[in-house]
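Trainee: Input: one structure, supplied below.
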Amino acid sequence: NNWHQEDGSGGEELVPGYNEFVAKLHDASAQPLLGMIQSFVSAFLLKSPKISDHSMVHNFLGAMENPLRSHALWRSVGDEDFALVLDALEAYILGNERVYDSIFNSMGDDWLSLDRTLNKRLWCLQFVQPGHLDIKRAHYSHPAMTMARKNMKRMTQVRAPQEKMECVFRAARVIFRMLNESAAACRTEAASADDFLPIFIYTVLKAHTWRLHSTLEYISLFRNPKTFGGERQYYLVQLQTALAFIAHMDGKSLTMDEAEFDLRLKEREEQWDAKHGNDGGGADGSMSEGLGFSSDADAKPNDSGSDLTSQL
């Protein structure tokens, strides 16, 4: 069983059926539909889309349901598969680089401050090791740990909300697969949330994904509300839980001497402040420059996510 040898950061579709949707959309018979979508994107860009403009996207998706359903290319598609068509359309619009950048740039200083505070916190806590979270030694260097981190890092390389949700889901899924594989080998009960959460917290900490607070807000507002629920939403909640734990992490919450924790945290904070002063570092990853990131867990991600903009 070599599932854990998969890269986890490749160019595979994060939105099921997206490439097929784009191919059909560029069919000669679908030109009127393509024109409607491109007109919406152009008009959306003219108003410099903001984080508060999510209802415009939802309304447009609703307005496109009948034109898409009635077209010969999608007329025979069942309800479940047609939901994937609307997902692909959502990704087609929000995968546009200019749309995405405009939305994130509109989020203002409050969200940027939250992101910067989290970035500093994540960097300063890089001394935390698996044993401090009572993670079993057999999992320390398991390939799934690297794969889960890569999936979390990939969130910064993709734009559509579903893509970002899928990155979280795949990171969580690979952790559970590792745990269940270990449980089966030891003939113990299947993994539970209590087994999962410490490893997920460690994954989030070491992945050091940028702008997580803003990203969670973006997903909650721009992802089609009809699609929320199930495992993917559950793992978003787990991500929020992990961030809350990291924000309040101290020696008492870890298997670590409290004095040692306080000392090491202070040392890291002093290094950070010497580099960045009071500006909190960048929310774009610039905080890592010159501060000794060297491991895979800490390096700037360079894997390429899907580029939806080129399809527009």
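In the structure tokens, chains take letters A, B, ... by order of appearance, with residues numbered from 1 within each chain and ligands from 1 in the order shown.
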Name the residues of segment 82-243 of chain A that fall into helix (DSSP H, G or I) according to DSSP on the backbone, using the chain letters and numbers of this document, as a ChimeraX atom specification.
Mentor: /A:82-94,97-105,108-124,130-133,137-139,143-157,161-186,193-207,212-222,225-227,230-243
Trainee: Residues at most 10 Å from Ile135 of chain A, counting only C-alpha atoms, excluding those fewer than 3 positions away in the same chain, as a PyMOL selection string?
Mentor: chain A and resi 129-132+138-140+195-199+202
Trainee: Go ahead and dump the residues you just picked, N, CA and C atoms, as a PDB file, in the first residue's frame.
Mentor:
ATOM      1  N   GLN A 129       7.804  20.095  18.968  1.00  0.00           N
ATOM      2  CA  GLN A 129       8.055  18.819  18.302  1.00  0.00           C
ATOM      3  C   GLN A 129       6.881  17.863  18.525  1.00  0.00           C
ATOM      4  N   PRO A 130       6.786  16.792  17.728  1.00  0.00           N
ATOM      5  CA  PRO A 130       5.649  15.859  17.852  1.00  0.00           C
ATOM      6  C   PRO A 130       5.442  15.336  19.266  1.00  0.00           C
ATOM      7  N   GLY A 131       6.537  15.028  19.961  1.00  0.00           N
ATOM      8  CA  GLY A 131       6.407  14.493  21.310  1.00  0.00           C
ATOM      9  C   GLY A 131       5.758  15.448  22.280  1.00  0.00           C
ATOM     10  N   HIS A 132       5.902  16.738  22.030  1.00  0.00           N
ATOM     11  CA  HIS A 132       5.269  17.732  22.901  1.00  0.00           C
ATOM     12  C   HIS A 132       3.749  17.676  22.809  1.00  0.00           C
ATOM     13  N   ALA A 138       6.020   6.469  16.121  1.00  0.00           N
ATOM     14  CA  ALA A 138       5.907   5.815  14.817  1.00  0.00           C
ATOM     15  C   ALA A 138       5.414   6.775  13.731  1.00  0.00           C
ATOM     16  N   HIS A 139       4.784   7.869  14.156  1.00  0.00           N
ATOM     17  CA  HIS A 139       4.235   8.818  13.187  1.00  0.00           C
ATOM     18  C   HIS A 139       5.164  10.000  12.923  1.00  0.00           C
ATOM     19  N   TYR A 140       6.216  10.149  13.699  1.00  0.00           N
ATOM     20  CA  TYR A 140       7.080  11.331  13.585  1.00  0.00           C
ATOM     21  C   TYR A 140       7.532  11.563  12.142  1.00  0.00           C
ATOM     22  N   ASP A 195      -7.298  11.115  18.417  1.00  0.00           N
ATOM     23  CA  ASP A 195      -6.029  10.721  17.811  1.00  0.00           C
ATOM     24  C   ASP A 195      -5.615  11.715  16.726  1.00  0.00           C
ATOM     25  N   PHE A 196      -6.623  12.199  16.022  1.00  0.00           N
ATOM     26  CA  PHE A 196      -6.381  13.041  14.852  1.00  0.00           C
ATOM     27  C   PHE A 196      -5.923  14.450  15.204  1.00  0.00           C
ATOM     28  N   LEU A 197      -6.581  15.089  16.172  1.00  0.00           N
ATOM     29  CA  LEU A 197      -6.387  16.519  16.388  1.00  0.00           C
ATOM     30  C   LEU A 197      -4.944  16.915  16.719  1.00  0.00           C
ATOM     31  N   PRO A 198      -4.225  16.201  17.604  1.00  0.00           N
ATOM     32  CA  PRO A 198      -2.842  16.616  17.872  1.00  0.00           C
ATOM     33  C   PRO A 198      -1.959  16.603  16.616  1.00  0.00           C
ATOM     34  N   ILE A 199      -2.169  15.608  15.745  1.00  0.00           N
ATOM     35  CA  ILE A 199      -1.373  15.529  14.520  1.00  0.00           C
ATOM     36  C   ILE A 199      -1.770  16.649  13.567  1.00  0.00           C
ATOM     37  N   TYR A 202      -0.195  19.834  14.770  1.00  0.00           N
ATOM     38  CA  TYR A 202       1.225  19.842  14.422  1.00  0.00           C
ATOM     39  C   TYR A 202       1.409  20.128  12.923  1.00  0.00           C
TER      40      TYR A 202
END
Trainee: Given the choices A:Phe245, A:Ala171, A:Lys120, A:Ala148, which gets closest to Lys275 of chain A if the distance is worked out from only C-alpha atoms?
Mentor: A:Lys120
Trainee: Can you work out which one of A:Asn19, A:Leu14, A:Thr227, A:Asp273 has the shortest atom-to-atom distance to Asn151 of chain A, counting only C-alpha atoms?
Mentor: A:Leu14
Trainee: Please tabulate, as JSON lines, the residues of segment 173-260 of chain A that come within 12 Å of segment 86-94 of chain A, each with its closest pair of atoms and the distance in Å to one decimal, counting only C-alpha atoms and ordering rows by chain, then residue number upward.
Mentor:
{"residue": "A:Tyr218", "atom": "CA", "partner": "A:Leu94", "partner_atom": "CA", "distance": 10.7}
{"residue": "A:Ile219", "atom": "CA", "partner": "A:Leu94", "partner_atom": "CA", "distance": 10.9}
{"residue": "A:Phe222", "atom": "CA", "partner": "A:Leu94", "partner_atom": "CA", "distance": 8.5}
{"residue": "A:Arg223", "atom": "CA", "partner": "A:Glu90", "partner_atom": "CA", "distance": 8.0}
{"residue": "A:Asn224", "atom": "CA", "partner": "A:Asp87", "partner_atom": "CA", "distance": 7.9}
{"residue": "A:Pro225", "atom": "CA", "partner": "A:Asp87", "partner_atom": "CA", "distance": 11.2}
{"residue": "A:Lys226", "atom": "CA", "partner": "A:Asp87", "partner_atom": "CA", "distance": 10.5}
{"residue": "A:Thr227", "atom": "CA", "partner": "A:Asp87", "partner_atom": "CA", "distance": 8.8}
{"residue": "A:Phe228", "atom": "CA", "partner": "A:Asp87", "partner_atom": "CA", "distance": 11.9}
Trainee: Please produce a file of the residues just selected, as a short mmCIF file (atom, residue, chain, number, x, y, z; two decimals), in the first residue's frame, where the atoms kept are N, CA, C and O atoms.
Mentor:
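To be explicit, this is the file written out as out-v7.cif:
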data_model
loop_
_atom_site.label_atom_id
_atom_site.label_comp_id
_atom_site.auth_asym_id
_atom_site.auth_seq_id
_atom_site.Cartn_x
_atom_site.Cartn_y
_atom_site.Cartn_z
N TYR A 218 -12.79 34.11 3.70
CA TYR A 218 -13.05 34.08 2.26
C TYR A 218 -13.85 32.83 1.88
O TYR A 218 -14.85 32.90 1.15
N ILE A 219 -13.42 31.68 2.37
CA ILE A 219 -14.13 30.43 2.07
C ILE A 219 -15.56 30.49 2.59
O ILE A 219 -16.51 30.13 1.88
N PHE A 222 -17.55 33.05 0.19
CA PHE A 222 -17.64 32.88 -1.26
C PHE A 222 -17.96 31.45 -1.70
O PHE A 222 -18.41 31.26 -2.83
N ARG A 223 -17.76 30.46 -0.84
CA ARG A 223 -18.15 29.10 -1.22
C ARG A 223 -19.68 29.04 -1.27
O ARG A 223 -20.36 29.57 -0.38
N ASN A 224 -20.20 28.40 -2.31
CA ASN A 224 -21.65 28.27 -2.48
C ASN A 224 -22.26 27.70 -1.20
O ASN A 224 -21.94 26.58 -0.80
N PRO A 225 -23.15 28.45 -0.53
CA PRO A 225 -23.71 27.98 0.75
C PRO A 225 -24.48 26.67 0.62
O PRO A 225 -24.63 25.94 1.60
N LYS A 226 -24.96 26.35 -0.58
CA LYS A 226 -25.69 25.09 -0.77
C LYS A 226 -24.78 23.88 -0.61
O LYS A 226 -25.27 22.76 -0.41
N THR A 227 -23.48 24.09 -0.71
CA THR A 227 -22.54 22.97 -0.69
C THR A 227 -21.96 22.71 0.70
O THR A 227 -21.25 21.71 0.88
N PHE A 228 -22.20 23.60 1.65
CA PHE A 228 -21.59 23.43 2.96
C PHE A 228 -22.21 22.24 3.70
O PHE A 228 -23.40 21.97 3.60
#
Trainee: Ranking A:Met145, A:Ala274, A:Cys186, A:Leu122 by minimum distance to Ile246 of chain A and counting only C-alpha atoms, which one comes first?
Mentor: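 Checking each of A:Met145, A:Ala274, A:Cys186, A:Leu122 against Ile246 of chain A, counting only C-alpha atoms, the winner is A:Leu122.
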Trainee: Which residues are close to Pro49 of chain A, i.e. within 12 Å by only C-alpha atoms, leaving aside same-chain residues fewer than 2 positions away? Reply as number ranges by chain.
Mentor: A: 40-47, 51-57, 93-94, 96-107, 222
Trainee: One decimal, Å: what's the distance from atom CA of Met155 of chain A over to atom CA of Thr209 of chain A, could you say?
Mentor: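 Between these atoms lies a distance of 7.3 Å.
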Trainee: Given the choices A:Val237, A:Arg173, A:His208, A:Gln31, which gets closest to Leu125 of chain A if the distance is worked out from only C-alpha atoms?
Mentor: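 Closest to Leu125 of chain A, using only C-alpha atoms: A:His208.
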